[in-house]
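Just final04.cif here, mmCIF, C-alpha atoms:
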```cif
data_query
loop_
_atom_site.label_atom_id
_atom_site.label_comp_id
_atom_site.auth_asym_id
_atom_site.auth_seq_id
_atom_site.Cartn_x
_atom_site.Cartn_y
_atom_site.Cartn_z
CA ILE B 1 -88.56 -41.74 138.97
CA LEU B 2 -90.92 -40.61 141.72
CA SER B 3 -92.20 -37.35 140.27
CA PRO B 4 -94.77 -38.80 137.82
CA TYR B 5 -96.19 -41.10 140.51
CA VAL B 6 -96.28 -38.48 143.26
CA ALA B 7 -97.77 -35.86 140.91
CA ARG B 8 -100.71 -38.18 140.21
CA VAL B 9 -101.25 -39.50 143.74
CA LEU B 10 -100.88 -36.12 145.47
CA SER B 11 -102.43 -32.88 144.26
CA ALA B 12 -100.47 -29.82 143.12
CA GLU B 13 -101.58 -28.15 146.36
CA LEU B 14 -100.08 -30.90 148.55
CA VAL B 15 -96.86 -30.87 146.53
CA GLY B 16 -96.83 -27.12 147.16
CA ASP B 17 -97.38 -27.59 150.91
CA TYR B 18 -94.46 -30.03 151.10
CA SER B 19 -92.21 -27.74 149.08
CA TYR B 20 -93.16 -24.72 151.21
CA ALA B 21 -92.44 -26.54 154.49
CA LEU B 22 -89.15 -27.87 153.13
CA ALA B 23 -88.15 -24.37 152.01
CA ASN B 24 -88.82 -22.95 155.47
CA SER B 25 -86.71 -25.63 157.19
CA SER B 26 -83.93 -25.00 154.67
CA TYR B 27 -83.13 -21.66 156.31
CA PHE B 28 -82.19 -23.49 159.52
CA VAL B 29 -80.24 -26.03 157.48
CA LEU B 30 -78.34 -23.12 155.97
CA ILE B 31 -77.28 -21.85 159.39
CA GLU B 32 -76.13 -25.24 160.67
CA ALA B 33 -74.30 -26.07 157.44
CA LEU B 34 -72.48 -22.73 157.52
CA GLY B 35 -69.66 -23.15 154.98
CA PHE B 36 -68.29 -26.38 156.42
CA SER B 37 -68.85 -28.64 153.43
CA LEU B 38 -66.98 -26.51 150.88
CA TYR B 39 -64.30 -25.41 153.36
CA GLY B 40 -63.74 -28.96 154.59
CA MET B 41 -63.68 -30.42 151.09
CA LEU B 42 -61.04 -27.91 149.94
CA GLN B 43 -58.90 -28.54 153.03
CA VAL B 44 -59.05 -32.31 152.62
CA SER B 45 -58.40 -32.05 148.88
CA ALA B 46 -55.30 -29.87 149.32
CA ASN B 47 -53.89 -31.98 152.20
CA ARG B 48 -55.04 -35.50 151.41
CA GLY B 49 -51.52 -36.89 151.88
CA ASP B 50 -51.48 -35.92 155.57
CA LYS B 51 -53.63 -38.54 157.32
CA ASN B 52 -53.29 -36.95 160.75
CA TYR B 53 -54.43 -33.54 159.44
CA ILE B 54 -57.44 -34.80 157.50
CA SER B 55 -58.49 -37.04 160.42
CA THR B 56 -58.30 -34.15 162.86
CA ILE B 57 -60.09 -31.66 160.65
CA PHE B 58 -62.86 -34.18 159.95
CA LYS B 59 -63.52 -34.71 163.66
CA GLU B 60 -63.36 -31.01 164.48
CA ILE B 61 -65.72 -29.99 161.68
CA MET B 62 -68.23 -32.74 162.53
CA ILE B 63 -68.25 -31.66 166.20
CA ALA B 64 -68.98 -28.08 165.11
CA LYS B 65 -71.72 -29.23 162.71
CA ILE B 66 -73.47 -31.37 165.32
CA PHE B 67 -73.32 -28.55 167.90
CA LEU B 68 -74.95 -26.16 165.41
CA MET B 69 -77.48 -28.86 164.48
CA VAL B 70 -78.71 -29.03 168.10
CA ILE B 71 -79.02 -25.23 168.29
CA CYS B 72 -80.95 -25.10 165.01
CA ILE B 73 -83.34 -27.85 166.09
CA ILE B 74 -84.09 -25.91 169.28
CA ALA B 75 -84.64 -22.71 167.27
CA TYR B 76 -86.81 -24.53 164.72
CA THR B 77 -89.21 -25.70 167.44
CA PHE B 78 -90.59 -22.15 167.63
CA VAL B 79 -91.51 -22.36 163.93
CA TRP B 80 -92.90 -25.83 164.44
CA LEU B 81 -95.12 -24.86 167.38
CA SER B 82 -96.47 -21.76 165.61
CA SER B 83 -97.23 -23.56 162.35
CA ASP B 84 -100.71 -24.43 161.09
CA ASN B 85 -99.41 -27.84 159.96
CA LYS B 86 -97.45 -28.94 163.02
CA ILE B 87 -96.97 -32.57 161.96
CA LEU B 88 -95.46 -31.67 158.58
CA CYS B 89 -93.18 -29.09 160.22
CA ALA B 90 -92.11 -31.68 162.80
CA ILE B 91 -91.14 -34.09 160.02
CA MET B 92 -88.87 -31.40 158.55
CA ILE B 93 -86.65 -31.70 161.64
CA LEU B 94 -85.22 -34.71 159.81
CA ASN B 95 -84.01 -32.29 157.13
CA ILE B 96 -81.99 -30.44 159.78
CA ILE B 97 -80.62 -33.70 161.22
CA SER B 98 -79.52 -35.02 157.81
CA THR B 99 -77.38 -31.93 157.15
CA GLY B 100 -75.83 -32.13 160.61
CA ILE B 101 -74.53 -35.68 160.09
CA ASP B 102 -73.51 -35.18 156.43
CA SER B 103 -69.88 -36.27 155.93
CA THR B 104 -69.89 -36.66 152.13
CA TRP B 105 -67.76 -33.50 151.84
CA PHE B 106 -64.83 -35.53 153.22
CA LEU B 107 -65.18 -38.24 150.57
CA THR B 108 -65.47 -35.56 147.86
CA GLY B 109 -62.15 -34.12 149.03
CA MET B 110 -60.63 -37.60 148.84
CA GLU B 111 -62.14 -38.03 145.33
CA ASN B 112 -63.95 -41.17 146.47
CA PHE B 113 -67.23 -41.00 144.59
CA LYS B 114 -67.98 -44.60 143.66
CA ALA B 115 -68.69 -46.08 147.09
CA THR B 116 -70.78 -43.08 148.13
CA ALA B 117 -72.79 -43.14 144.92
CA LEU B 118 -73.52 -46.87 145.10
CA ARG B 119 -74.74 -46.72 148.70
CA ASN B 120 -76.85 -43.67 148.06
CA ILE B 121 -78.41 -45.26 144.98
CA ALA B 122 -79.35 -48.29 147.08
CA VAL B 123 -81.01 -46.08 149.70
CA ARG B 124 -82.87 -44.08 147.04
CA LEU B 125 -84.18 -47.23 145.37
CA VAL B 126 -85.59 -48.39 148.71
CA ASN B 127 -87.11 -44.92 149.02
CA VAL B 128 -88.84 -45.33 145.64
CA PHE B 129 -90.30 -48.74 146.54
CA LEU B 130 -91.57 -47.52 149.93
CA ILE B 131 -93.40 -44.57 148.39
CA ILE B 132 -94.94 -46.68 145.63
CA PHE B 133 -96.18 -49.30 148.12
CA LEU B 134 -97.17 -47.03 151.03
CA VAL B 135 -98.34 -43.79 149.40
CA LYS B 136 -101.61 -44.57 147.61
CA SER B 137 -103.68 -41.39 148.00
CA GLU B 138 -103.70 -37.86 149.39
CA LYS B 139 -104.39 -39.37 152.84
CA ASP B 140 -100.83 -40.76 152.79
CA PHE B 141 -99.27 -37.32 152.34
CA LEU B 142 -97.51 -37.33 155.74
CA ILE B 143 -96.15 -40.84 155.10
CA TYR B 144 -94.66 -39.47 151.88
CA ALA B 145 -93.01 -36.63 153.80
CA VAL B 146 -91.54 -39.02 156.40
CA ILE B 147 -90.12 -41.38 153.76
CA MET B 148 -88.56 -38.52 151.77
CA GLN B 149 -86.84 -36.95 154.76
CA ALA B 150 -85.89 -40.20 156.52
CA SER B 151 -84.17 -41.41 153.35
CA ASN B 152 -81.92 -38.34 153.46
CA VAL B 153 -80.86 -39.16 157.01
CA ILE B 154 -80.20 -42.81 156.13
CA SER B 155 -78.25 -41.90 152.98
CA TYR B 156 -75.79 -39.90 155.11
CA ILE B 157 -75.57 -42.58 157.80
CA VAL B 158 -74.59 -45.32 155.34
CA VAL B 159 -71.51 -43.42 154.12
CA LEU B 160 -70.04 -43.05 157.63
CA PRO B 161 -68.36 -46.50 157.56
CA ILE B 162 -66.58 -45.46 154.34
CA VAL B 163 -65.29 -42.27 155.96
CA LYS B 164 -64.15 -44.22 159.02
CA LYS B 165 -61.62 -46.13 156.88
CA TYR B 166 -59.68 -42.91 156.25
CA ILE B 167 -59.69 -41.69 159.85
CA ILE B 168 -56.87 -42.43 162.27
CA SER B 169 -56.47 -41.62 165.96
CA SER B 170 -55.82 -37.91 166.44
CA LYS B 171 -56.41 -35.15 168.98
CA VAL B 172 -58.97 -32.41 168.57
CA SER B 173 -59.08 -29.07 170.31
CA PHE B 174 -61.76 -26.48 171.03
CA LYS B 175 -59.45 -23.78 169.65
CA ASN B 176 -59.25 -25.53 166.28
CA ILE B 177 -63.01 -26.12 166.20
CA LEU B 178 -63.54 -22.39 166.70
CA LYS B 179 -60.90 -21.61 164.06
CA HIS B 180 -62.56 -23.85 161.46
CA THR B 181 -65.95 -22.33 162.27
CA ILE B 182 -64.62 -18.81 161.70
CA LYS B 183 -62.80 -19.77 158.49
CA SER B 184 -65.86 -21.49 157.09
CA PHE B 185 -67.80 -18.20 157.25
CA ILE B 186 -66.22 -17.14 153.95
CA TYR B 187 -67.85 -20.20 152.35
CA PHE B 188 -71.18 -19.41 153.99
CA VAL B 189 -72.25 -17.07 151.19
CA PRO B 190 -72.61 -19.83 148.55
CA GLY B 191 -74.92 -21.63 150.95
CA ILE B 192 -77.01 -18.50 151.43
CA VAL B 193 -77.28 -17.98 147.69
CA ASN B 194 -78.12 -21.62 147.00
CA THR B 195 -80.89 -21.45 149.59
CA ILE B 196 -82.19 -18.20 148.11
CA PHE B 197 -82.26 -19.64 144.59
CA THR B 198 -83.86 -22.94 145.68
CA SER B 199 -86.07 -21.88 148.59
CA ALA B 200 -86.82 -18.15 148.53
CA ASP B 201 -88.81 -18.47 145.31
CA LYS B 202 -91.13 -21.00 146.92
CA THR B 203 -91.31 -19.07 150.19
CA VAL B 204 -92.35 -15.89 148.36
CA LEU B 205 -94.90 -17.80 146.26
CA GLY B 206 -96.32 -19.50 149.35
CA ALA B 207 -96.63 -16.18 151.16
CA PHE B 208 -97.99 -14.03 148.32
CA ALA B 209 -99.71 -16.55 146.01
CA ASN B 210 -101.03 -20.02 146.95
CA SER B 211 -100.11 -23.70 147.26
CA TYR B 212 -101.05 -24.40 143.62
CA GLU B 213 -98.55 -21.81 142.33
CA VAL B 214 -95.87 -23.31 144.57
CA GLY B 215 -96.73 -26.82 143.34
CA VAL B 216 -96.55 -26.09 139.61
CA TYR B 217 -93.38 -24.05 140.11
CA GLU B 218 -91.84 -26.85 142.20
CA GLN B 219 -92.42 -29.43 139.46
CA ALA B 220 -90.98 -27.26 136.69
CA SER B 221 -88.05 -26.18 138.84
CA LYS B 222 -87.38 -29.79 139.82
CA ILE B 223 -86.89 -30.87 136.21
CA CYS B 224 -84.52 -28.01 135.40
CA THR B 225 -82.62 -28.49 138.66
CA LEU B 226 -82.22 -32.20 137.91
CA CYS B 227 -80.86 -31.51 134.42
CA GLY B 228 -78.48 -28.89 135.78
CA SER B 229 -77.34 -31.11 138.64
CA VAL B 230 -76.46 -34.01 136.34
CA ILE B 231 -74.28 -31.78 134.16
CA ASN B 232 -72.83 -29.86 137.12
CA SER B 233 -71.79 -33.12 138.74
CA ILE B 234 -68.79 -33.20 136.41
CA SER B 235 -67.54 -29.91 137.82
CA ASN B 236 -68.20 -31.07 141.38
CA VAL B 237 -66.08 -34.15 140.70
CA VAL B 238 -63.32 -32.18 138.97
CA LEU B 239 -63.13 -29.41 141.63
CA PRO B 240 -61.03 -31.44 144.14
CA ARG B 241 -58.59 -32.38 141.36
CA VAL B 242 -58.30 -28.80 140.08
CA THR B 243 -57.81 -27.53 143.64
CA TYR B 244 -55.07 -30.10 144.20
CA LEU B 245 -53.30 -29.10 140.96
CA ASN B 246 -53.51 -25.39 141.78
CA ASN B 247 -51.99 -26.05 145.19
CA ASN B 248 -49.14 -28.07 143.67
CA ALA B 249 -47.87 -25.71 140.95
CA SER B 250 -49.79 -27.29 138.07
CA LYS B 251 -51.97 -24.36 137.00
CA ASP B 252 -51.54 -24.99 133.26
CA LYS B 253 -52.84 -28.53 133.64
CA SER B 254 -55.66 -27.22 135.80
CA LYS B 255 -56.66 -24.67 133.13
CA LYS B 256 -56.62 -27.37 130.45
CA ILE B 257 -58.99 -29.53 132.50
CA MET B 258 -61.29 -26.56 133.09
CA PHE B 259 -61.59 -25.69 129.40
CA LYS B 260 -62.17 -29.30 128.43
CA THR B 261 -64.89 -29.97 131.02
CA LEU B 262 -66.59 -26.63 130.33
CA ARG B 263 -66.69 -27.39 126.59
CA TYR B 264 -68.27 -30.79 127.20
CA ALA B 265 -70.77 -29.39 129.71
CA SER B 266 -71.84 -26.42 127.60
CA VAL B 267 -72.44 -28.58 124.51
CA VAL B 268 -74.79 -30.77 126.56
CA ALA B 269 -76.34 -27.80 128.38
CA ILE B 270 -77.23 -25.97 125.17
CA ALA B 271 -78.96 -29.08 123.83
CA VAL B 272 -80.82 -29.65 127.11
CA THR B 273 -81.95 -26.01 127.35
CA VAL B 274 -83.39 -25.92 123.83
CA GLY B 275 -84.71 -29.47 124.17
CA ILE B 276 -86.73 -28.61 127.29
CA ILE B 277 -88.30 -25.65 125.49
CA CYS B 278 -89.26 -27.87 122.55
CA ILE B 279 -90.85 -30.72 124.52
CA SER B 280 -92.36 -28.97 127.56
CA ASP B 281 -95.93 -28.90 126.18
CA GLU B 282 -95.90 -32.69 125.73
CA PHE B 283 -93.62 -33.58 128.63
CA VAL B 284 -95.65 -32.00 131.45
CA PRO B 285 -98.99 -33.80 130.81
CA VAL B 286 -97.23 -37.10 130.05
CA PHE B 287 -94.88 -36.91 133.05
CA PHE B 288 -96.97 -35.14 135.71
CA GLY B 289 -100.52 -35.78 134.53
CA LEU B 290 -103.51 -33.46 134.81
CA GLY B 291 -103.47 -30.35 136.97
CA TYR B 292 -99.92 -29.20 136.18
CA GLU B 293 -100.49 -27.53 132.80
CA LYS B 294 -98.96 -24.27 133.95
CA SER B 295 -95.68 -26.09 134.63
CA ALA B 296 -95.16 -26.31 130.85
CA VAL B 297 -95.06 -22.52 130.60
CA LEU B 298 -92.68 -22.31 133.56
CA LEU B 299 -90.44 -24.99 132.06
CA LYS B 300 -89.94 -22.92 128.90
CA ILE B 301 -88.74 -20.02 131.04
CA LEU B 302 -86.68 -21.95 133.59
CA ALA B 303 -84.92 -23.94 130.85
CA PHE B 304 -82.55 -21.00 130.38
CA ASN B 305 -81.47 -21.50 133.99
CA VAL B 306 -79.89 -24.81 132.99
CA LEU B 307 -77.36 -23.15 130.68
CA MET B 308 -76.77 -20.06 132.84
CA SER B 309 -76.28 -22.01 136.06
CA ILE B 310 -73.91 -24.49 134.44
CA LEU B 311 -71.68 -21.79 132.95
CA ALA B 312 -71.65 -19.85 136.23
CA ASN B 313 -70.97 -22.99 138.28
CA TYR B 314 -68.12 -24.32 136.14
CA ILE B 315 -66.35 -20.98 135.83
CA GLY B 316 -66.96 -20.04 139.46
CA GLN B 317 -65.72 -23.33 140.87
CA GLN B 318 -62.74 -23.97 138.63
CA CYS B 319 -61.53 -20.38 138.11
CA LEU B 320 -62.33 -18.73 141.43
CA ILE B 321 -62.89 -21.26 144.22
CA SER B 322 -60.03 -23.58 143.22
CA ASN B 323 -57.68 -20.55 143.11
CA ALA B 324 -58.67 -19.35 146.59
CA LYS B 325 -60.69 -16.42 145.19
CA GLN B 326 -63.72 -17.16 147.33
CA ASN B 327 -64.32 -13.47 148.06
CA GLN B 328 -64.85 -12.66 144.37
CA TYR B 329 -67.14 -15.66 144.01
CA ASN B 330 -69.11 -14.54 147.07
CA ILE B 331 -69.59 -11.07 145.60
CA ALA B 332 -70.82 -12.51 142.30
CA ILE B 333 -73.37 -14.86 143.82
CA SER B 334 -74.48 -12.22 146.33
CA VAL B 335 -75.32 -9.87 143.46
CA GLY B 336 -77.36 -12.62 141.80
CA ALA B 337 -79.16 -13.54 145.01
CA LEU B 338 -80.01 -9.94 145.93
CA LEU B 339 -81.36 -9.29 142.44
CA ASN B 340 -83.42 -12.49 142.64
CA VAL B 341 -85.09 -11.44 145.89
CA ILE B 342 -85.83 -7.91 144.66
CA LEU B 343 -87.30 -9.14 141.37
CA ASN B 344 -89.39 -11.77 143.19
CA PHE B 345 -91.12 -9.17 145.34
CA PHE B 346 -91.73 -6.91 142.35
CA MET B 347 -93.14 -9.63 140.08
CA VAL B 348 -94.82 -12.25 142.29
CA GLU B 349 -98.05 -10.38 143.05
CA ARG B 350 -98.87 -9.61 139.41
CA PHE B 351 -97.34 -12.56 137.57
CA GLN B 352 -97.11 -15.17 140.36
CA SER B 353 -95.07 -18.26 139.36
CA VAL B 354 -94.32 -16.85 135.90
CA GLY B 355 -92.83 -13.72 137.46
CA VAL B 356 -90.77 -15.77 139.91
CA SER B 357 -89.47 -17.90 137.01
CA VAL B 358 -88.42 -14.83 135.00
CA ALA B 359 -86.74 -13.38 138.11
CA SER B 360 -84.78 -16.60 138.57
CA VAL B 361 -83.53 -16.62 134.96
CA VAL B 362 -82.54 -12.94 134.98
CA SER B 363 -80.62 -13.29 138.26
CA SER B 364 -78.86 -16.45 136.97
CA GLY B 365 -77.78 -14.55 133.86
CA VAL B 366 -76.40 -11.69 135.95
CA LEU B 367 -74.60 -14.19 138.20
CA PHE B 368 -72.92 -15.77 135.17
CA TRP B 369 -71.83 -12.38 133.84
CA VAL B 370 -70.30 -11.22 137.15
CA VAL B 371 -68.48 -14.55 137.64
CA LEU B 372 -67.11 -14.23 134.11
CA MET B 373 -65.86 -10.70 134.84
CA PHE B 374 -63.96 -11.91 137.90
CA SER B 375 -62.46 -14.80 135.87
CA ARG B 376 -61.37 -12.76 132.83
CA GLU B 377 -57.67 -13.52 133.43
CA ILE B 378 -58.41 -17.20 132.77
CA ILE B 379 -61.46 -17.20 130.50
CA SER B 380 -63.40 -14.60 128.53
CA LEU B 381 -66.74 -14.32 126.75
CA ARG B 382 -64.83 -14.67 123.50
CA ASN B 383 -63.50 -18.05 124.65
CA ILE B 384 -67.04 -19.22 125.42
CA ILE B 385 -68.36 -18.03 122.05
CA GLN B 386 -65.51 -19.82 120.24
CA MET B 387 -66.26 -22.89 122.31
CA ASP B 388 -70.02 -22.95 121.77
CA TRP B 389 -70.93 -21.33 118.44
CA LYS B 390 -71.19 -24.65 116.65
CA ALA B 391 -73.40 -26.10 119.38
CA THR B 392 -75.58 -22.98 119.26
CA ILE B 393 -76.13 -23.37 115.50
CA ALA B 394 -76.95 -27.05 115.99
CA ALA B 395 -79.46 -26.18 118.73
CA ILE B 396 -81.18 -23.56 116.56
CA ILE B 397 -81.58 -26.04 113.71
CA MET B 398 -82.85 -28.65 116.18
CA PHE B 399 -85.44 -26.15 117.49
CA ILE B 400 -86.67 -25.28 113.98
CA THR B 401 -86.91 -28.99 113.11
CA ILE B 402 -88.85 -30.34 116.09
CA TYR B 403 -90.72 -27.51 117.84
CA ARG B 404 -93.80 -27.71 115.59
CA LEU B 405 -93.87 -31.50 115.29
CA ASN B 406 -97.26 -32.81 116.32
CA PHE B 407 -98.99 -36.21 116.31
CA THR B 408 -102.29 -37.50 117.59
CA HIS B 409 -100.89 -38.90 120.84
CA LEU B 410 -98.80 -36.77 123.21
CA PHE B 411 -96.46 -39.64 124.08
CA VAL B 412 -95.72 -40.31 120.40
CA THR B 413 -95.05 -36.61 119.83
CA LEU B 414 -92.74 -36.49 122.84
CA ALA B 415 -90.80 -39.60 121.81
CA VAL B 416 -90.40 -38.42 118.20
CA LYS B 417 -89.28 -34.95 119.27
CA ILE B 418 -86.62 -36.38 121.58
CA ALA B 419 -85.35 -38.89 119.02
CA VAL B 420 -85.35 -36.52 116.03
CA GLY B 421 -83.92 -33.69 118.12
CA ALA B 422 -81.00 -35.79 119.33
CA VAL B 423 -80.23 -37.05 115.80
CA VAL B 424 -80.40 -33.56 114.28
CA TYR B 425 -78.26 -32.00 117.03
CA ILE B 426 -75.53 -34.64 116.82
CA ALA B 427 -75.62 -34.66 113.00
CA ILE B 428 -75.08 -30.89 112.80
CA LEU B 429 -72.23 -31.11 115.31
CA VAL B 430 -70.62 -33.81 113.15
CA ILE B 431 -71.05 -31.72 109.99
CA LEU B 432 -69.52 -28.68 111.71
CA ARG B 433 -66.72 -30.89 113.10
CA GLU B 434 -67.30 -29.83 116.67
CA GLU B 435 -64.32 -30.91 118.82
CA THR B 436 -66.34 -32.50 121.61
CA ILE B 437 -68.37 -34.80 119.38
CA GLN B 438 -65.23 -35.77 117.42
CA GLU B 439 -63.44 -36.73 120.65
CA VAL B 440 -66.41 -38.85 121.73
CA PHE B 441 -66.53 -40.70 118.39
CA VAL B 442 -62.76 -41.29 118.46
CA LYS B 443 -63.02 -42.80 121.95
CA ILE B 444 -65.94 -45.04 120.94
CA ILE B 445 -64.10 -46.29 117.84
CA SER B 446 -60.86 -46.92 119.74
CA LYS B 447 -62.72 -48.93 122.43
CA ARG B 448 -64.41 -51.10 119.81
CA ARG B 449 -61.07 -51.85 118.16
CA THR B 450 -59.56 -52.91 121.49
#
```
Before anything else, please render the file you have as structure tokens.
Amino acid sequence: ILSPYVARVLSAELVGDYSYALANSSYFVLIEALGFSLYGMLQVSANRGDKNYISTIFKEIMIAKIFLMVICIIAYTFVWLSSDNKILCAIMILNIISTGIDSTWFLTGMENFKATALRNIAVRLVNVFLIIFLVKSEKDFLIYAVIMQASNVISYIVVLPIVKKYIISSKVSFKNILKHTIKSFIYFVPGIVNTIFTSADKTVLGAFANSYEVGVYEQASKICTLCGSVINSISNVVLPRVTYLNNNASKDKSKKIMFKTLRYASVVAIAVTVGIICISDEFVPVFFGLGYEKSAVLLKILAFNVLMSILANYIGQQCLISNAKQNQYNIAISVGALLNVILNFFMVERFQSVGVSVASVVSSGVLFWVVLMFSREIISLRNIIQMDWKATIAAIIMFITIYRLNFTHLFVTLAVKIAVGAVVYIAILVILREETIQEVFVKIISKRRT
């Protein structure tokens, strides 16, 4: 909602400055977050019937997080004081604070998503209105930064009353706090990799290129990340359930859920990936306005990240993490992260944001392949091909149909491409009798009859 407005009010350079500062603060966020969120969520999910245990572990993890938050804020002050843009860096302290007070991992473990989502949506809507009314020009850049970061802090504060309903009186101990901190280290690697994939690219671009390259990359990356996040949200919701089933001797049911959700996600991901490639030339000028033309080129490259990241995320979470194979998952994502960093340094100076985009896609592909190798006892490449060949054919036909469509007005071209693309994709899936689309139609028909 905000991106088109912000892209027009602020320049690509200012968007790049914000993204660069946020990326630098993210390294401190990584340290304070450790692996608490994933570790805590899995512990709560596996032991949700024991109120005393989940209450105690919540308190102990939050104490550890807040202690690390204070240390990270102190450490970050050295970056703040040495920065050329001290005010912007000071605002990013809110980014560190928001992670320190984040308790949504507990509600994820309890599979309580509705209340959290509704409250967060309310906070984000207020965020949108504040930016539209208070950010009118490039002079309001710092106000924009404050609103964006303050809204993160508030969104985590408003969920605390929900968490409080699950918590009962229980004793905490320093020994247990230390134990949880040590155990969460094994889940620290995913945080490192996520930061590398989301922040290192921008840090390298900011250091070796310029703010414009960071800005156009940020906008293209934001769209692909949003698309991936929406589809990955299904896996994030299913992970606590799959973990619970695996810990209660229901592995067959767990595997069935994994295959079903992966099939649904990959059918959507294939369409989104090809769709982004087809509409990027029209989407970027319509959505972001003038000055971001290069983002269209980057979008065509980064679109492949949507499919690769979704496959890697679903298989990694539901095959490895839910089965307590965190070490294998850590190895896989470490390989992808290391490759990403190496390729960035090799390609950024000559190809700038294009090189960084290619590096991101290649490393995501390698990550998917390594995760698949570690999960071969549950799922294979053959399973994925059998699952997705019909969707792949539909996507190819969709690409051939709409890629060259062109009308006088960009918005008309964009709208027609989206509409025709969706119709063609769904129609081919229906003709090929793809299981996912058949299940959706059956559910729609059955609901209408009732």
key: Pick from B:Lys136, B:Arg404, B:Arg48, B:Lys175, whichever lies nearest to Arg8 of chain B using all atoms listed in the file   =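 Residue with the minimum atom-to-atom distance to Arg8 of chain B: B:Lys136.
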remark   = With distances taken over only C-alpha atoms, the candidate from B:Ile63, B:Ala415, B:Ile87, B:Val297 nearest Ser173 of chain B is B:Ile63
task = Give the answer as one residue: which of B:Ala312, B:Ala12, B:Leu178, B:Val189 has the shortest atom-to-atom distance to Ala33 of chain B, using only C-alpha atoms?
result =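 Of B:Ala312, B:Ala12, B:Leu178, B:Val189, the one nearest Ala33 of chain B is B:Val189, counting only C-alpha atoms.
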ask   = Written as a PyMOL selection string, what is the full residue list that the PyMOL selection byres ((chain B and resi 348) around 12) yields on the file shown?
value = chain B and resi 200-210+213-214+340-347+349-360
Expansion of the PyMOL selection byres ((chain B and resi 363) around 8) into residues, as a VMD selection string = chain B and resid 336 to 337 339 to 340 359 to 362 364 to 367
ask   = Leaving out segment 426-428 of chain B and any residue of its chain fewer than 6 positions from it, which residues lie within 10 Å of it when counting only C-alpha atoms, given as a ChimeraX atom specification?
value = /B:271,390-391,393-395,397-398,434,437
key: Counting only C-alpha atoms, the residue of B:Asn232, B:Asn95, B:Thr273, B:Ser11 that sits nearest Gly291 of chain B   =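 Closest to Gly291 of chain B of all the choices is B:Ser11.
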